[in-house]
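Data from run-v3.cif: mmCIF, C-alpha atoms
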```cif
data_query
loop_
_atom_site.label_atom_id
_atom_site.label_comp_id
_atom_site.auth_asym_id
_atom_site.auth_seq_id
_atom_site.Cartn_x
_atom_site.Cartn_y
_atom_site.Cartn_z
CA MET A 1 -70.73 -18.75 -78.00
CA THR A 2 -71.16 -21.06 -75.02
CA ARG A 3 -74.30 -23.13 -74.50
CA LEU A 4 -76.35 -20.12 -73.39
CA ALA A 5 -79.62 -20.03 -75.33
CA TYR A 6 -79.04 -16.47 -76.46
CA ARG A 7 -77.36 -14.90 -79.47
CA PHE A 8 -75.92 -11.43 -78.87
CA ARG A 9 -76.76 -8.62 -81.28
CA ASP A 10 -73.56 -7.04 -79.97
CA PRO A 11 -71.08 -9.94 -79.59
CA ALA A 12 -68.55 -7.62 -77.89
CA LEU A 13 -70.87 -7.49 -74.86
CA GLY A 14 -70.81 -11.26 -74.55
CA GLN A 15 -67.03 -11.30 -74.87
CA LEU A 16 -66.63 -8.58 -72.24
CA ALA A 17 -68.75 -10.68 -69.87
CA LEU A 18 -66.26 -13.54 -70.21
CA THR A 19 -63.15 -11.39 -69.72
CA HIS A 20 -61.75 -11.86 -66.24
CA ARG A 21 -59.97 -9.00 -64.50
CA SER A 22 -56.67 -10.90 -64.75
CA ALA A 23 -56.76 -10.25 -68.52
CA GLY A 24 -56.64 -6.48 -67.98
CA LYS A 25 -59.18 -3.77 -68.61
CA PRO A 26 -61.94 -3.56 -69.69
CA ASN A 27 -63.15 -6.72 -67.95
CA ASN A 28 -66.34 -8.24 -66.60
CA GLU A 29 -66.25 -6.77 -63.10
CA ARG A 30 -68.72 -3.96 -63.63
CA LEU A 31 -71.10 -6.22 -65.55
CA GLU A 32 -70.92 -8.66 -62.67
CA PHE A 33 -72.23 -5.95 -60.32
CA LEU A 34 -75.25 -5.38 -62.55
CA GLY A 35 -75.78 -9.07 -63.25
CA ASP A 36 -75.82 -9.96 -59.57
CA ALA A 37 -78.71 -7.52 -59.07
CA LEU A 38 -80.58 -8.83 -62.12
CA LEU A 39 -80.28 -12.44 -60.99
CA GLY A 40 -81.55 -11.33 -57.60
CA VAL A 41 -84.72 -9.85 -58.99
CA VAL A 42 -85.56 -12.57 -61.53
CA VAL A 43 -85.06 -15.36 -59.00
CA ALA A 44 -86.96 -13.34 -56.39
CA GLU A 45 -89.91 -13.16 -58.75
CA LEU A 46 -89.75 -16.89 -59.53
CA LEU A 47 -89.81 -17.72 -55.83
CA TYR A 48 -92.52 -15.14 -55.15
CA GLU A 49 -94.72 -16.90 -57.71
CA ALA A 50 -93.78 -20.46 -56.77
CA HIS A 51 -94.31 -20.03 -53.02
CA PRO A 52 -97.39 -17.86 -52.51
CA HIS A 53 -97.48 -18.61 -48.79
CA ALA A 54 -93.79 -18.32 -47.97
CA SER A 55 -92.76 -15.45 -45.72
CA GLU A 56 -90.18 -12.87 -46.72
CA GLY A 57 -87.62 -14.67 -44.54
CA GLU A 58 -88.28 -17.99 -46.24
CA LEU A 59 -88.07 -16.42 -49.70
CA SER A 60 -84.71 -14.88 -48.76
CA ARG A 61 -83.37 -18.20 -47.54
CA LEU A 62 -84.54 -20.01 -50.66
CA ARG A 63 -82.91 -17.42 -52.90
CA ALA A 64 -79.64 -17.66 -51.00
CA GLN A 65 -79.67 -21.40 -51.71
CA LEU A 66 -80.11 -20.78 -55.43
CA VAL A 67 -77.99 -17.69 -55.94
CA ASN A 68 -74.55 -18.14 -54.40
CA GLY A 69 -71.07 -18.63 -55.76
CA GLN A 70 -71.17 -22.41 -55.73
CA ALA A 71 -74.63 -22.72 -57.28
CA LEU A 72 -73.80 -20.20 -60.00
CA ALA A 73 -70.55 -22.02 -60.78
CA VAL A 74 -72.58 -25.18 -61.40
CA ILE A 75 -74.70 -23.30 -63.94
CA ALA A 76 -71.58 -21.75 -65.49
CA ARG A 77 -70.12 -25.23 -65.97
CA GLU A 78 -73.32 -26.49 -67.58
CA LEU A 79 -73.06 -23.55 -69.97
CA GLU A 80 -69.39 -24.44 -70.51
CA LEU A 81 -68.33 -20.87 -69.79
CA GLY A 82 -64.90 -22.07 -68.69
CA ASP A 83 -63.96 -22.87 -72.27
CA GLU A 84 -64.67 -19.31 -73.36
CA LEU A 85 -63.15 -17.37 -70.46
CA LYS A 86 -60.49 -14.82 -71.23
CA LEU A 87 -57.95 -14.99 -68.40
CA GLY A 88 -54.55 -13.46 -67.67
CA SER A 89 -51.51 -15.73 -67.89
CA GLY A 90 -51.29 -16.19 -64.10
CA GLU A 91 -54.88 -17.39 -63.80
CA LEU A 92 -54.47 -19.52 -66.91
CA LYS A 93 -51.51 -21.34 -65.39
CA SER A 94 -53.25 -21.87 -62.06
CA GLY A 95 -56.42 -23.20 -63.70
CA GLY A 96 -58.62 -20.15 -63.09
CA PHE A 97 -61.14 -21.41 -65.62
CA ARG A 98 -62.04 -24.08 -63.09
CA ARG A 99 -62.39 -21.76 -60.07
CA ASP A 100 -65.93 -21.41 -58.71
CA SER A 101 -65.66 -17.69 -58.07
CA ILE A 102 -64.36 -16.87 -61.56
CA LEU A 103 -67.05 -19.00 -63.17
CA ALA A 104 -69.84 -17.57 -61.02
CA ASP A 105 -68.70 -14.01 -61.72
CA ALA A 106 -68.63 -14.68 -65.45
CA PHE A 107 -72.15 -16.06 -65.34
CA GLU A 108 -73.40 -12.98 -63.47
CA ALA A 109 -71.66 -10.74 -65.99
CA LEU A 110 -73.25 -12.67 -68.83
CA VAL A 111 -76.70 -12.06 -67.37
CA ALA A 112 -75.99 -8.32 -67.37
CA ALA A 113 -74.67 -8.48 -70.92
CA VAL A 114 -77.94 -10.07 -72.05
CA TYR A 115 -79.84 -7.30 -70.24
CA LEU A 116 -77.86 -4.56 -71.97
CA ASP A 117 -78.22 -6.35 -75.32
CA ALA A 118 -81.88 -7.41 -75.13
CA GLY A 119 -83.57 -5.47 -72.32
CA PHE A 120 -85.21 -6.78 -69.18
CA GLU A 121 -87.68 -9.16 -70.80
CA GLY A 122 -84.97 -10.89 -72.82
CA CYS A 123 -82.74 -11.22 -69.79
CA ARG A 124 -85.64 -12.44 -67.66
CA ASP A 125 -86.46 -15.16 -70.22
CA VAL A 126 -82.88 -16.44 -70.23
CA VAL A 127 -82.59 -16.47 -66.44
CA ARG A 128 -86.02 -18.00 -65.89
CA ALA A 129 -85.25 -20.83 -68.30
CA LEU A 130 -82.15 -21.66 -66.26
CA PHE A 131 -83.67 -21.27 -62.80
CA GLU A 132 -87.23 -22.57 -63.22
CA PRO A 133 -86.19 -26.23 -62.84
CA LEU A 134 -84.05 -25.32 -59.82
CA VAL A 135 -86.89 -23.41 -58.16
CA ALA A 136 -89.23 -26.34 -58.79
CA ALA A 137 -86.74 -28.75 -57.21
CA ILE A 138 -85.96 -26.83 -54.04
CA PRO A 139 -88.05 -27.79 -51.01
CA ARG A 140 -89.63 -24.97 -49.06
CA SER A 141 -88.24 -24.90 -45.54
CA SER A 142 -90.61 -26.77 -43.27
CA LYS A 143 -89.30 -25.20 -40.11
CA ASP A 144 -91.70 -22.86 -38.40
CA ALA A 145 -90.77 -19.49 -36.93
CA LYS A 146 -90.57 -20.69 -33.29
CA THR A 147 -88.17 -23.47 -34.27
CA ARG A 148 -86.02 -21.15 -36.37
CA LEU A 149 -85.85 -18.56 -33.59
CA GLN A 150 -84.95 -21.20 -31.03
CA GLU A 151 -82.23 -22.69 -33.24
CA LEU A 152 -80.85 -19.24 -33.92
CA VAL A 153 -80.52 -18.20 -30.27
CA GLN A 154 -79.16 -21.61 -29.27
CA GLY A 155 -76.58 -21.41 -32.04
CA LYS A 156 -75.42 -18.06 -30.72
CA GLY A 157 -75.51 -19.13 -27.08
CA TRP A 158 -78.16 -16.53 -26.23
CA PRO A 159 -80.95 -17.09 -23.65
CA LEU A 160 -84.06 -18.87 -24.98
CA PRO A 161 -87.06 -16.83 -26.14
CA GLN A 162 -89.83 -16.39 -23.57
CA TYR A 163 -93.49 -16.55 -24.59
CA GLU A 164 -96.28 -15.05 -22.52
CA LEU A 165 -100.02 -15.14 -23.13
CA VAL A 166 -101.17 -11.60 -22.44
CA ASP A 167 -104.78 -11.74 -23.57
CA SER A 168 -107.44 -13.94 -25.06
CA HIS A 169 -110.83 -12.72 -26.07
CA GLY A 170 -113.86 -13.49 -28.19
CA GLU A 171 -116.43 -16.27 -27.88
CA ASP A 172 -115.24 -19.78 -27.22
CA HIS A 173 -115.69 -20.95 -30.81
CA ALA A 174 -113.85 -17.92 -32.25
CA LYS A 175 -111.25 -16.98 -29.69
CA THR A 176 -108.28 -14.72 -30.35
CA PHE A 177 -105.01 -15.06 -28.48
CA ASP A 178 -102.40 -12.36 -27.94
CA VAL A 179 -98.91 -13.56 -27.10
CA ILE A 180 -95.68 -11.70 -26.39
CA CYS A 181 -92.36 -13.20 -27.46
CA GLU A 182 -89.31 -11.74 -25.81
CA ILE A 183 -85.57 -12.18 -26.22
CA THR A 184 -82.80 -10.40 -24.33
CA GLU A 185 -79.76 -11.01 -26.56
CA PRO A 186 -78.21 -9.50 -28.74
CA THR A 187 -80.60 -6.77 -27.60
CA ALA A 188 -84.00 -6.71 -25.89
CA ILE A 189 -86.78 -7.39 -28.40
CA ARG A 190 -90.46 -7.80 -27.50
CA ALA A 191 -93.04 -8.52 -30.14
CA GLU A 192 -96.72 -9.32 -30.03
CA GLY A 193 -98.45 -11.97 -32.08
CA ARG A 194 -102.13 -12.67 -32.51
CA GLY A 195 -103.80 -15.84 -33.70
CA SER A 196 -106.77 -18.13 -33.39
CA SER A 197 -104.73 -20.46 -31.19
CA ARG A 198 -102.02 -19.86 -28.65
CA ARG A 199 -99.59 -21.68 -30.90
CA ALA A 200 -100.49 -19.57 -33.95
CA ALA A 201 -100.05 -16.39 -31.90
CA GLU A 202 -96.63 -17.60 -30.71
CA GLN A 203 -95.57 -18.33 -34.30
CA GLU A 204 -96.62 -14.86 -35.35
CA ALA A 205 -94.72 -13.26 -32.47
CA ALA A 206 -91.61 -15.35 -33.18
CA GLU A 207 -91.76 -14.36 -36.85
CA THR A 208 -91.75 -10.68 -35.86
CA VAL A 209 -88.79 -11.18 -33.54
CA LEU A 210 -86.89 -12.95 -36.35
CA HIS A 211 -87.78 -10.05 -38.61
CA ARG A 212 -86.42 -7.46 -36.16
CA LEU A 213 -83.24 -9.51 -35.71
CA GLN A 214 -82.76 -9.49 -39.46
CA GLU A 215 -83.23 -5.71 -39.50
CA LEU A 216 -80.44 -5.41 -36.95
CA GLN A 217 -78.10 -7.25 -39.32
CA ASP A 218 -79.05 -5.20 -42.40
CA MET B 219 -102.69 7.63 -53.08
CA THR B 220 -99.54 9.13 -51.58
CA ARG B 221 -97.31 11.48 -53.57
CA LEU B 222 -95.91 8.67 -55.71
CA ALA B 223 -96.12 9.66 -59.38
CA TYR B 224 -97.96 6.48 -60.30
CA ARG B 225 -101.61 5.52 -60.48
CA PHE B 226 -102.36 1.82 -59.94
CA ARG B 227 -104.53 -0.03 -62.39
CA ASP B 228 -105.14 -2.43 -59.50
CA PRO B 229 -105.45 -0.20 -56.41
CA ALA B 230 -105.52 -3.28 -54.13
CA LEU B 231 -101.83 -3.83 -54.96
CA GLY B 232 -100.94 -0.34 -53.75
CA GLN B 233 -102.95 -0.87 -50.58
CA LEU B 234 -101.29 -4.21 -49.91
CA ALA B 235 -97.89 -2.52 -50.22
CA LEU B 236 -98.85 -0.14 -47.41
CA THR B 237 -100.22 -2.82 -45.09
CA HIS B 238 -97.75 -3.57 -42.32
CA ARG B 239 -97.53 -7.04 -40.85
CA SER B 240 -98.96 -5.74 -37.54
CA ALA B 241 -102.30 -5.30 -39.34
CA GLY B 242 -102.51 -9.05 -40.02
CA LYS B 243 -102.37 -11.01 -43.24
CA PRO B 244 -102.06 -10.44 -46.13
CA ASN B 245 -99.47 -7.73 -45.62
CA ASN B 246 -96.57 -6.12 -47.45
CA GLU B 247 -93.79 -8.48 -46.35
CA ARG B 248 -93.60 -10.58 -49.48
CA LEU B 249 -93.80 -7.53 -51.72
CA GLU B 250 -90.96 -6.02 -49.72
CA PHE B 251 -88.75 -9.00 -50.66
CA LEU B 252 -89.42 -8.43 -54.34
CA GLY B 253 -89.17 -4.64 -54.10
CA ASP B 254 -85.78 -4.80 -52.40
CA ALA B 255 -84.43 -6.76 -55.38
CA LEU B 256 -86.03 -4.39 -57.89
CA LEU B 257 -84.56 -1.32 -56.19
CA GLY B 258 -81.20 -3.07 -56.22
CA VAL B 259 -81.23 -3.57 -59.96
CA VAL B 260 -82.59 -0.17 -60.98
CA VAL B 261 -80.15 1.71 -58.76
CA ALA B 262 -77.33 -0.59 -59.90
CA GLU B 263 -78.07 0.38 -63.49
CA LEU B 264 -78.20 4.11 -62.67
CA LEU B 265 -74.80 3.90 -60.99
CA TYR B 266 -73.39 1.73 -63.77
CA GLU B 267 -74.33 4.46 -66.25
CA ALA B 268 -73.35 7.42 -64.08
CA HIS B 269 -69.89 6.09 -63.13
CA PRO B 270 -68.40 4.41 -66.20
CA HIS B 271 -64.98 4.15 -64.56
CA ALA B 272 -66.02 3.01 -61.09
CA SER B 273 -65.01 -0.49 -60.06
CA GLU B 274 -67.49 -3.09 -58.91
CA GLY B 275 -66.46 -2.41 -55.30
CA GLU B 276 -67.10 1.31 -55.66
CA LEU B 277 -70.47 0.71 -57.32
CA SER B 278 -71.45 -1.58 -54.43
CA ARG B 279 -70.46 1.02 -51.87
CA LEU B 280 -72.34 3.78 -53.67
CA ARG B 281 -75.45 1.66 -53.85
CA ALA B 282 -75.26 0.81 -50.16
CA GLN B 283 -75.24 4.54 -49.46
CA LEU B 284 -78.39 5.06 -51.53
CA VAL B 285 -80.33 1.90 -50.72
CA ASN B 286 -80.48 1.33 -46.97
CA GLY B 287 -83.19 1.58 -44.34
CA GLN B 288 -82.47 5.16 -43.40
CA ALA B 289 -82.19 6.46 -46.97
CA LEU B 290 -85.37 4.68 -48.03
CA ALA B 291 -87.23 6.06 -45.02
CA VAL B 292 -86.31 9.58 -46.19
CA ILE B 293 -87.88 8.84 -49.58
CA ALA B 294 -90.91 7.25 -47.91
CA ARG B 295 -91.42 10.44 -45.88
CA GLU B 296 -91.15 12.60 -48.98
CA LEU B 297 -93.84 10.43 -50.52
CA GLU B 298 -95.85 10.82 -47.29
CA LEU B 299 -96.29 7.05 -47.05
CA GLY B 300 -96.70 7.32 -43.27
CA ASP B 301 -100.15 8.88 -43.70
CA GLU B 302 -101.36 5.92 -45.72
CA LEU B 303 -99.86 3.03 -43.77
CA LYS B 304 -102.18 0.40 -42.43
CA LEU B 305 -100.86 -0.65 -39.03
CA GLY B 306 -102.05 -2.86 -36.19
CA SER B 307 -103.24 -1.17 -33.00
CA GLY B 308 -99.98 -1.81 -31.15
CA GLU B 309 -97.84 -0.15 -33.83
CA LEU B 310 -100.39 2.67 -34.16
CA LYS B 311 -100.11 3.47 -30.46
CA SER B 312 -96.32 3.35 -30.47
CA GLY B 313 -96.06 5.60 -33.55
CA GLY B 314 -95.05 2.91 -36.03
CA PHE B 315 -95.88 5.22 -38.94
CA ARG B 316 -92.80 7.22 -37.98
CA ARG B 317 -90.41 4.26 -37.68
CA ASP B 318 -87.65 4.14 -40.30
CA SER B 319 -87.83 0.40 -40.83
CA ILE B 320 -91.61 0.34 -41.33
CA LEU B 321 -91.44 3.26 -43.76
CA ALA B 322 -88.51 1.78 -45.71
CA ASP B 323 -90.24 -1.60 -45.96
CA ALA B 324 -93.43 0.04 -47.23
CA PHE B 325 -91.48 1.92 -49.88
CA GLU B 326 -89.80 -1.30 -51.05
CA ALA B 327 -93.17 -3.03 -51.17
CA LEU B 328 -94.60 -0.16 -53.18
CA VAL B 329 -91.82 -0.57 -55.76
CA ALA B 330 -92.79 -4.22 -56.16
CA ALA B 331 -96.48 -3.32 -56.40
CA VAL B 332 -95.68 -0.97 -59.29
CA TYR B 333 -93.70 -3.76 -60.95
CA LEU B 334 -96.58 -6.22 -60.68
CA ASP B 335 -99.04 -3.56 -61.87
CA ALA B 336 -97.02 -2.00 -64.69
CA GLY B 337 -94.12 -4.30 -65.55
CA PHE B 338 -90.40 -3.64 -65.35
CA GLU B 339 -90.28 -0.52 -67.51
CA GLY B 340 -93.01 1.20 -65.51
CA CYS B 341 -91.31 0.31 -62.23
CA ARG B 342 -87.93 1.39 -63.58
CA ASP B 343 -89.33 4.79 -64.59
CA VAL B 344 -90.77 5.42 -61.14
CA VAL B 345 -87.59 4.35 -59.32
CA ARG B 346 -85.28 6.24 -61.68
CA ALA B 347 -87.27 9.45 -61.22
CA LEU B 348 -86.77 9.16 -57.46
CA PHE B 349 -83.10 8.10 -57.50
CA GLU B 350 -81.63 10.04 -60.42
CA PRO B 351 -81.17 13.24 -58.36
CA LEU B 352 -79.65 11.20 -55.52
CA VAL B 353 -77.23 9.42 -57.84
CA ALA B 354 -76.21 12.76 -59.34
CA ALA B 355 -75.58 14.22 -55.87
CA ILE B 356 -73.48 11.39 -54.42
CA PRO B 357 -69.73 11.85 -54.75
CA ARG B 358 -67.78 8.92 -56.08
CA SER B 359 -65.40 7.63 -53.46
CA SER B 360 -62.01 9.22 -53.99
CA LYS B 361 -60.19 6.62 -51.97
CA ASP B 362 -57.94 4.34 -53.99
CA ALA B 363 -57.66 0.59 -53.49
CA LYS B 364 -54.42 0.71 -51.47
CA THR B 365 -55.94 3.21 -49.05
CA ARG B 366 -59.13 1.21 -48.72
CA LEU B 367 -57.25 -2.03 -48.11
CA GLN B 368 -55.01 -0.38 -45.52
CA GLU B 369 -57.99 1.16 -43.69
CA LEU B 370 -59.80 -2.15 -43.75
CA VAL B 371 -56.98 -4.19 -42.21
CA GLN B 372 -56.18 -1.47 -39.67
CA GLY B 373 -59.84 -1.32 -38.66
CA LYS B 374 -59.79 -5.07 -38.01
CA GLY B 375 -56.42 -5.04 -36.26
CA TRP B 376 -54.86 -7.28 -38.93
CA PRO B 377 -51.21 -6.99 -40.10
CA LEU B 378 -50.62 -4.40 -42.85
CA PRO B 379 -50.53 -5.51 -46.49
CA GLN B 380 -47.06 -6.15 -47.93
CA TYR B 381 -46.18 -5.09 -51.47
CA GLU B 382 -43.32 -6.58 -53.41
CA LEU B 383 -42.04 -5.70 -56.88
CA VAL B 384 -41.48 -9.04 -58.57
CA ASP B 385 -40.70 -7.97 -62.11
CA SER B 386 -40.37 -5.02 -64.42
CA HIS B 387 -39.85 -5.33 -68.11
CA GLY B 388 -40.10 -3.47 -71.39
CA GLU B 389 -38.17 -0.50 -72.70
CA ASP B 390 -37.56 2.45 -70.41
CA HIS B 391 -40.26 4.63 -71.96
CA ALA B 392 -42.89 1.83 -71.84
CA LYS B 393 -42.07 -0.21 -68.79
CA THR B 394 -44.40 -2.69 -67.16
CA PHE B 395 -44.31 -3.46 -63.45
CA ASP B 396 -45.52 -6.61 -61.72
CA VAL B 397 -46.25 -6.30 -58.04
CA ILE B 398 -47.49 -8.81 -55.46
CA CYS B 399 -49.75 -7.66 -52.64
CA GLU B 400 -50.02 -10.02 -49.71
CA ILE B 401 -52.07 -10.14 -46.52
CA THR B 402 -52.03 -12.81 -43.83
CA GLU B 403 -55.31 -12.15 -41.98
CA PRO B 404 -58.17 -13.25 -41.98
CA THR B 405 -56.52 -15.74 -44.32
CA ALA B 406 -53.44 -15.68 -46.55
CA ILE B 407 -54.17 -13.89 -49.81
CA ARG B 408 -51.58 -13.11 -52.51
CA ALA B 409 -52.51 -11.26 -55.65
CA GLU B 410 -50.55 -9.91 -58.55
CA GLY B 411 -51.05 -6.54 -60.18
CA ARG B 412 -49.57 -5.11 -63.35
CA GLY B 413 -49.27 -1.49 -64.38
CA SER B 414 -47.22 1.11 -66.19
CA SER B 415 -45.90 2.34 -62.86
CA ARG B 416 -45.09 0.62 -59.63
CA ARG B 417 -47.89 2.54 -57.96
CA ALA B 418 -50.44 1.52 -60.61
CA ALA B 419 -49.40 -2.12 -60.24
CA GLU B 420 -49.82 -1.88 -56.46
CA GLN B 421 -53.30 -0.39 -56.86
CA GLU B 422 -54.28 -3.21 -59.17
CA ALA B 423 -52.95 -5.85 -56.77
CA ALA B 424 -54.70 -4.20 -53.80
CA GLU B 425 -57.96 -4.11 -55.75
CA THR B 426 -57.72 -7.86 -56.35
CA VAL B 427 -57.04 -8.54 -52.68
CA LEU B 428 -60.08 -6.42 -51.73
CA HIS B 429 -62.06 -8.40 -54.24
CA ARG B 430 -61.02 -11.75 -52.77
CA LEU B 431 -61.81 -10.48 -49.26
CA GLN B 432 -65.29 -9.55 -50.43
CA GLU B 433 -65.73 -13.02 -51.91
CA LEU B 434 -64.90 -14.49 -48.49
CA GLN B 435 -67.75 -12.49 -46.97
CA ASP B 436 -70.30 -13.40 -49.62
#
```
Serialized structure, structure tokens:
Amino acid sequence: MTRLAYRFRDPALGQLALTHRSAGKPNNERLEFLGDALLGVVVAELLYEAHPHASEGELSRLRAQLVNGQALAVIARELELGDELKLGSGELKSGGFRRDSILADAFEALVAAVYLDAGFEGCRDVVRALFEPLVAAIPRSSKDAKTRLQELVQGKGWPLPQYELVDSHGEDHAKTFDVICEITEPTAIRAEGRGSSRRAAEQEAAETVLHRLQELQD
Amino acid sequence: MTRLAYRFRDPALGQLALTHRSAGKPNNERLEFLGDALLGVVVAELLYEAHPHASEGELSRLRAQLVNGQALAVIARELELGDELKLGSGELKSGGFRRDSILADAFEALVAAVYLDAGFEGCRDVVRALFEPLVAAIPRSSKDAKTRLQELVQGKGWPLPQYELVDSHGEDHAKTFDVICEITEPTAIRAEGRGSSRRAAEQEAAETVLHRLQELQD
């Protein structure tokens, strides 16, 4: 079944994963929920290993580039899932087997089916084999925290971040700088950063502000 | 360390999980990224098992109720993580050990630390022990798809969904109904539903429209 490098002990699980909701119930919707979470964790681990110095924010961005409807549809096409999809007559007529969202959902469901059939390690092996080359090919974002914060507030039309050196201490050859970064929109956020240069302290403070902004969205 | 029912083979991993970014580097931020994904999958599986008839949308909503900053902070407090947090002086002074977001992040990081220390099964056991009572206590949403769709569009100020019976066929005692559900905002979406009653067909169509709306957000 398909080009997935996995043979189901329980073939009904694999078939369920390829049954779109348009074909009636049971279908792959519930598996898709589980598969989405499994993909998230296996790709998170790959990125965690591949980028030991990337921040949480960078890891999140990288994963969003790898795990999204369009990217998963590409994988689904490589696995030729479209040929095996079970669709209702309406979706069949309108070419549902070519639709990104239907293909991506089927791939997610298939990941969950492998998990239920083989356990976490088996599922992890299958997903890693598919994503390892993609993780190796994706460039880590080279934009630093100050740049990302500035681009973010400019994009939203908010006032620019303000940086203020509040303290520096230590001997000349081993100085420490404390900097405050402050934004006023969408809400007032002040964060402190510390570093061995003013610039490093600013980066640290900007990273914290970005972090708090992300918390606001969560 | 803490009230978590787990003893680390590598205690440094547990300590890293409780080191907030304000205390410098390395800290728990990267672990938090991994732990968030692990929590997602273990709680997804618990809900998948506990609610065999819940739709993907319902499972997502239930998980969002269980896995969010506030809910995780409650667990972190039960585990008394606040007492063990390593914070920078600024966060210490401002009572960071009591802040929901810092506590929730530390709990997520701790989940990842258990994963790295014990593997998936060990991590799954720890998370399941914490979440099983919560999953058992949470009521499954009783709102049907039509109600949820109507509340959603009303909340946004969009025009109400329109339902149209397009076909009914079969003998009187085993009739099948085909219904179209249509919305015009935020974009035109038409979906067909089929059921053994007009109402069941409408529910099915509304569920598909909700599904497409969710895809737009993803």
**Fill in**
For chain A, the closest of B:Val371, B:Leu234, B:Ala322, B:Leu303 counting all atoms listed in the file is B:Ala322
**Item:** Pairwise distance for CA of Phe8 (chain A) and CA of Leu116 (chain A), rounded to one decimal in Å
**Value:** 9.9 Å
**Request:** Evaluate the PyMOL selection byres ((chain B) within 9 of (chain A)) and record the selected residues as an NGL selection string, following the chain and residue labels used in the document.
**Result:** :B and (239-240 or 242 or 247-260 or 262-263 or 266 or 270-275 or 277-278 or 286-287 or 308 or 319 or 338-339 or 410-412 or 426 or 433 or 436)
**Message:** Could you list, as a PyMOL selection string, every residue matched by the PyMOL selection byres ((chain B and resi 397-402) around 7) in this structure?
**Reply:** chain B and resi 377-384+395-396+403-412+419-420+423-424
Could you list, as an mmCIF file with C-alpha atoms, keeping the file's coordinate frame, every residue matched by the PyMOL selection byres ((chain B and resi 222) around 12) in this structure?
```
data_model
loop_
_atom_site.group_PDB
_atom_site.id
_atom_site.type_symbol
_atom_site.label_atom_id
_atom_site.label_comp_id
_atom_site.auth_asym_id
_atom_site.auth_seq_id
_atom_site.Cartn_x
_atom_site.Cartn_y
_atom_site.Cartn_z
ATOM 1 C CA MET B 219 -102.690 7.630 -53.080
ATOM 2 C CA THR B 220 -99.540 9.130 -51.580
ATOM 3 C CA ARG B 221 -97.310 11.480 -53.570
ATOM 4 C CA ALA B 223 -96.120 9.660 -59.380
ATOM 5 C CA TYR B 224 -97.960 6.480 -60.300
ATOM 6 C CA ARG B 225 -101.610 5.520 -60.480
ATOM 7 C CA PHE B 226 -102.360 1.820 -59.940
ATOM 8 C CA GLY B 232 -100.940 -0.340 -53.750
ATOM 9 C CA ILE B 293 -87.880 8.840 -49.580
ATOM 10 C CA ALA B 294 -90.910 7.250 -47.910
ATOM 11 C CA ARG B 295 -91.420 10.440 -45.880
ATOM 12 C CA GLU B 296 -91.150 12.600 -48.980
ATOM 13 C CA LEU B 297 -93.840 10.430 -50.520
ATOM 14 C CA GLU B 298 -95.850 10.820 -47.290
ATOM 15 C CA LEU B 299 -96.290 7.050 -47.050
ATOM 16 C CA GLU B 302 -101.360 5.920 -45.720
ATOM 17 C CA PHE B 325 -91.480 1.920 -49.880
ATOM 18 C CA LEU B 328 -94.600 -0.160 -53.180
ATOM 19 C CA VAL B 329 -91.820 -0.570 -55.760
ATOM 20 C CA VAL B 332 -95.680 -0.970 -59.290
ATOM 21 C CA CYS B 341 -91.310 0.310 -62.230
ATOM 22 C CA ASP B 343 -89.330 4.790 -64.590
ATOM 23 C CA VAL B 344 -90.770 5.420 -61.140
ATOM 24 C CA VAL B 345 -87.590 4.350 -59.320
ATOM 25 C CA ALA B 347 -87.270 9.450 -61.220
ATOM 26 C CA LEU B 348 -86.770 9.160 -57.460
#
```
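The residue that comes closest to Leu103 (chain A), out of A:Asp144, A:Asp83, A:Glu132, A:Asp117 and on the basis of only C-alpha atoms, is A:Asp83.
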**Prompt:** Of the candidates B:Ala230, B:Val353, B:Leu236, B:Ala331, which shows the shortest atom-to-atom distance to Lys304 (chain B), using only C-alpha atoms?
**Reply:** B:Leu236
